[in-house]
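Only one structure is covered here, and it is reproduced in the block below.
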Amino acid sequence: MRPHFDLTLTMVGIVALLAFGLHRGQHPSPTKPVRIATVQAGVPQLQKFDPQFTGEVFERFRRLSEIALAANPPPDLLVWPESSMPDPVRDQNTESYRFVTDFSAAMKTDLMLGTLDVEDSHDYNAALLVSHSDQRVQIYRKIHLVPFGVKCDAQAIPTETAEEPTARPLVRDPRGRRHKCDEQISPRSDECRRSN
């Protein structure tokens with residue numbers, strides 16, 4: 001019987017690769033832990049997009065973020081919630097753009113926040129990552145909106161006392177328009193179905 005060197009070499013190679021993989025898996029490369037601070041300003045939904053509350057919204061985020069940044073050591077990433085700013089942050093003509101760029105330039109931490117993003121007259125629910133080192137902005141737009149994924153007004157949910165099915169809006173924006181979904185209450189939104 002003739003020896004099968006090709007099979008023997010293949011098996012030795014497979015065993016060597018498995019041994020190397022097991023060894024590397026047990027001794028991962030050292031990494032620095034990432035410190036993250038989240039800020040929840042608790043701005044009431046109808047005040048968030050009302051121009052008369054814009055300064056108050058900015059001040060809440062500034063004050064709470066400065067508290068988080070005072071930690072020792074400070075966080076590497078500061079996270080603000082979805083729809084945290086009253087205007088699209090990438091629109092350079094808005095107060096939100098000026099606030100976020102000025103604030104992120106002053107701190108030594110990356111900032112991730114949720115915002116409305118407008119491109120080619122389409123509104124998107126997006127997440128922005130602003131790098132503190134070079135003010136570079138990365139964007140992720142939500143591709144698939146999930147119904148009732150954010151919050152739903154409990155008064156709009158039928159109960160056992162309802163005599164017949166009813167259809168009523170879940171949210172009103174600051175201008176009094178009725179909306180079916182919570183994610184689209186910005187006065188700029190054209191995509192959310194409105195009811196009269």
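Residues in the structure tokens are named by chain (A, B, ... in the order shown) and by number from 1 within that chain; ligands are numbered from 1 in the order shown.
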
Problem set entry | Neighbour list for range 134-144 of chain A as JSON, numbers by chain, cut-off 8 Å, only C-alpha atoms, skip fewer than 2 positions in-chain | {"A": [101, 104, 105, 117, 124, 125, 126, 127, 128, 129, 130, 131, 132, 146]}

For this session: Determine the nearest neighbour of Asp102 in chain A from the options A:Trp80, A:Met11, A:Arg62, A:Phe49, counting only C-alpha atoms.
Result: A:Arg62

For this session: Please return as number ranges by chain: the residues of range 3-82 of chain A that backbone DSSP assigns to alpha helix (DSSP H).
Result: A: 5-26, 45-48, 54-69

Output C-alpha atoms of each residue in that selection to a file, as a PDB file, in the first residue's frame.
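Done, and the output landed in again-v2.pdb:
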ATOM      1  CA  PHE A   5       1.403  12.246   1.634  1.00  0.00           C
ATOM      2  CA  ASP A   6      -1.133  14.645   0.120  1.00  0.00           C
ATOM      3  CA  LEU A   7      -3.828  13.563   2.596  1.00  0.00           C
ATOM      4  CA  THR A   8      -1.366  13.636   5.498  1.00  0.00           C
ATOM      5  CA  LEU A   9      -0.194  17.176   4.613  1.00  0.00           C
ATOM      6  CA  THR A  10      -3.798  18.368   4.288  1.00  0.00           C
ATOM      7  CA  MET A  11      -4.723  16.971   7.704  1.00  0.00           C
ATOM      8  CA  VAL A  12      -1.595  18.470   9.332  1.00  0.00           C
ATOM      9  CA  GLY A  13      -2.486  21.863   7.770  1.00  0.00           C
ATOM     10  CA  ILE A  14      -6.069  21.718   9.061  1.00  0.00           C
ATOM     11  CA  VAL A  15      -4.959  20.756  12.582  1.00  0.00           C
ATOM     12  CA  ALA A  16      -2.329  23.546  12.566  1.00  0.00           C
ATOM     13  CA  LEU A  17      -4.939  26.135  11.507  1.00  0.00           C
ATOM     14  CA  LEU A  18      -7.357  24.976  14.213  1.00  0.00           C
ATOM     15  CA  ALA A  19      -4.629  25.100  16.871  1.00  0.00           C
ATOM     16  CA  PHE A  20      -3.588  28.598  15.781  1.00  0.00           C
ATOM     17  CA  GLY A  21      -7.234  29.805  15.826  1.00  0.00           C
ATOM     18  CA  LEU A  22      -7.817  28.390  19.306  1.00  0.00           C
ATOM     19  CA  HIS A  23      -4.625  29.993  20.608  1.00  0.00           C
ATOM     20  CA  ARG A  24      -5.493  33.451  19.147  1.00  0.00           C
ATOM     21  CA  GLY A  25      -9.074  33.216  20.423  1.00  0.00           C
ATOM     22  CA  GLN A  26      -7.887  32.633  23.976  1.00  0.00           C
ATOM     23  CA  GLN A  45     -42.662  65.816  22.497  1.00  0.00           C
ATOM     24  CA  LEU A  46     -44.812  68.812  21.591  1.00  0.00           C
ATOM     25  CA  GLN A  47     -42.248  71.291  22.947  1.00  0.00           C
ATOM     26  CA  LYS A  48     -39.373  69.715  21.051  1.00  0.00           C
ATOM     27  CA  THR A  54     -35.694  75.865  21.099  1.00  0.00           C
ATOM     28  CA  GLY A  55     -33.395  77.658  23.544  1.00  0.00           C
ATOM     29  CA  GLU A  56     -34.676  75.556  26.441  1.00  0.00           C
ATOM     30  CA  VAL A  57     -34.072  72.323  24.483  1.00  0.00           C
ATOM     31  CA  PHE A  58     -30.488  73.377  23.704  1.00  0.00           C
ATOM     32  CA  GLU A  59     -29.845  74.420  27.310  1.00  0.00           C
ATOM     33  CA  ARG A  60     -31.094  71.074  28.684  1.00  0.00           C
ATOM     34  CA  PHE A  61     -28.794  69.100  26.391  1.00  0.00           C
ATOM     35  CA  ARG A  62     -25.843  71.418  27.095  1.00  0.00           C
ATOM     36  CA  ARG A  63     -26.284  71.262  30.890  1.00  0.00           C
ATOM     37  CA  LEU A  64     -26.797  67.484  31.088  1.00  0.00           C
ATOM     38  CA  SER A  65     -23.959  66.806  28.639  1.00  0.00           C
ATOM     39  CA  GLU A  66     -21.556  68.969  30.634  1.00  0.00           C
ATOM     40  CA  ILE A  67     -22.433  66.956  33.752  1.00  0.00           C
ATOM     41  CA  ALA A  68     -21.663  63.717  31.862  1.00  0.00           C
ATOM     42  CA  LEU A  69     -18.420  65.170  30.469  1.00  0.00           C
TER      43      LEU A  69
END
